[in-house]
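Input: a single structure, listed below in structure tokens.
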Amino acid sequence: MATPLVESRAFAEKLKVGKVYLKLENCRPTGSFKDRGMQLLCSKLKTDGVKEIVCSSGGNAGLAAAYAGRKLGLTVNVFVPSSTSKMMIDRIKGEGAKVEVYGKEWSETDAKARELANSNETIAYVPPFDDKLLWDGHSTMIDEIFNQLEGAAPDAVVASVGGGGLLAGVLTGLQKRETWAKKTVVVAAETEGAASMHRALEAGKPV
């Protein structure tokens, strides 16, 4: 389903630019962009014969995996860290997934999820952000923006960065269109205190 692209005069006035548009990914079935890529990845896994998946997540990716799995008839296991809110855990369970709380940090949680997948060849590990099919799925928002702007290339696209899946999807979508790829600047915004991409770029390697 396509999400609305709405003009924000308030942001345009604040930034002193001509026009600002907001892509309302909160209107997706799970409330975020993540089900775009997750549905594509899980569909491919089902075609390959997979019947059960496991995902590690702080929330949104797990919810997207649970949603995609339910739609496709897959058994879904989601591992979340102890910092995950009860509301999010309940939402994931509401999609029919099994939820296990493990670890204080996502890296511990992810290791546990991979451990389950490695111990059982019938269970496929689904990453929350690091997979080309996820990026291809997320890139459909740029396809939609292309249609919504009737092909007019934006000067810039601003995307938040956590794991990098959204940013990779935006870049994938822009690269489908040579004019957009050349003209449109991508601004990646990270949370202060969790700016791993910024630190990696400064170091010239993953950190």
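Within each chain, counting starts at residue 1; across the structure tokens, chains are named A, B, ... in the order shown, with ligands numbered 1 upward in that order.
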Strand (DSSP E) positions in range 47-145 of chain A, given as an MDAnalysis selection string: chainID A and resid 52:56 75:80 98:101 123:126
DSSP-assigned alpha helix (DSSP H) members of range 69-177 of chain A, reported as a PyMOL selection string: chain A and resi 69-72+86-94+106-119+132-138+140-148+165-175
Put those residues in a file: C-alpha atoms, as a compact mmCIF listing (two decimals), in the first residue's frame.
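Resulting contents of part_8.txt:
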```
# COMPACT_ATOMS: atom_id res chain seq x y z
CA GLY A 69 4.99 -14.03 8.89
CA ARG A 70 1.32 -14.03 9.83
CA LYS A 71 0.31 -12.91 6.34
CA LEU A 72 2.45 -15.66 4.80
CA LYS A 86 5.62 -3.90 27.06
CA MET A 87 3.44 -2.15 24.48
CA MET A 88 5.74 -3.25 21.67
CA ILE A 89 6.04 -6.79 23.02
CA ASP A 90 2.25 -7.02 23.19
CA ARG A 91 1.94 -5.73 19.61
CA ILE A 92 4.39 -8.35 18.35
CA LYS A 93 2.54 -11.08 20.24
CA GLY A 94 -0.70 -9.71 18.82
CA TRP A 106 20.62 -5.61 20.85
CA SER A 107 23.96 -7.31 20.06
CA GLU A 108 23.29 -9.89 22.81
CA THR A 109 19.73 -10.33 21.59
CA ASP A 110 20.85 -10.80 18.00
CA ALA A 111 23.44 -13.41 19.00
CA LYS A 112 20.71 -15.40 20.75
CA ALA A 113 18.45 -15.25 17.70
CA ARG A 114 21.27 -16.43 15.45
CA GLU A 115 22.00 -19.22 17.91
CA LEU A 116 18.43 -20.52 17.51
CA ALA A 117 18.68 -20.39 13.71
CA ASN A 118 22.07 -22.12 13.71
CA SER A 119 20.81 -24.90 15.98
CA LYS A 132 19.52 -6.54 0.07
CA LEU A 133 15.94 -7.78 -0.17
CA LEU A 134 15.02 -5.58 2.78
CA TRP A 135 16.59 -2.61 0.99
CA ASP A 136 14.79 -3.48 -2.26
CA GLY A 137 11.50 -3.55 -0.37
CA HIS A 138 12.19 -0.28 1.41
CA THR A 140 9.45 1.15 -2.99
CA MET A 141 8.83 4.31 -0.98
CA ILE A 142 11.05 6.14 -3.49
CA ASP A 143 9.03 4.55 -6.31
CA GLU A 144 5.92 5.99 -4.71
CA ILE A 145 7.49 9.42 -4.22
CA PHE A 146 8.49 9.41 -7.89
CA ASN A 147 4.84 8.92 -8.86
CA GLN A 148 3.55 11.35 -6.24
CA GLY A 165 18.10 -0.30 6.35
CA LEU A 166 16.03 2.79 5.57
CA LEU A 167 19.05 4.68 4.25
CA ALA A 168 20.06 1.73 2.05
CA GLY A 169 16.49 1.52 0.75
CA VAL A 170 16.43 5.23 -0.09
CA LEU A 171 19.76 4.97 -1.92
CA THR A 172 18.58 1.85 -3.78
CA GLY A 173 15.45 3.67 -4.89
CA LEU A 174 17.38 6.72 -6.08
CA GLN A 175 19.85 4.59 -8.03
```
Interatomic distance (Å, one decimal) between CA of Ser57 in chain A and CA of Ser83 in chain A: 10.8 Å
For Ala194 in chain A: contacts at 12 Å, only C-alpha atoms, fewer than 6 positions along chain excluded, given as a PyMOL selection string: chain A and resi 160-163+200+207
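Relative to CA of Asp130 in chain A, CA of Thr3 in chain A is found at 23.4 Å.
Distances from A:Pro128, A:Pro4, A:Gly62, A:Gly164 to Leu149 in chain A were compared using only C-alpha atoms, and the smallest one belongs to A:Pro4.
With only C-alpha atoms as the atoms that count, the residue of A:Gly204, A:Pro154, A:Met197, A:Leu22 with the shortest distance to Ala181 in chain A is A:Pro154.
With CA of Phe33 in chain A on one side and CA of Glu150 in chain A on the other, the separation reads 21.6 Å.
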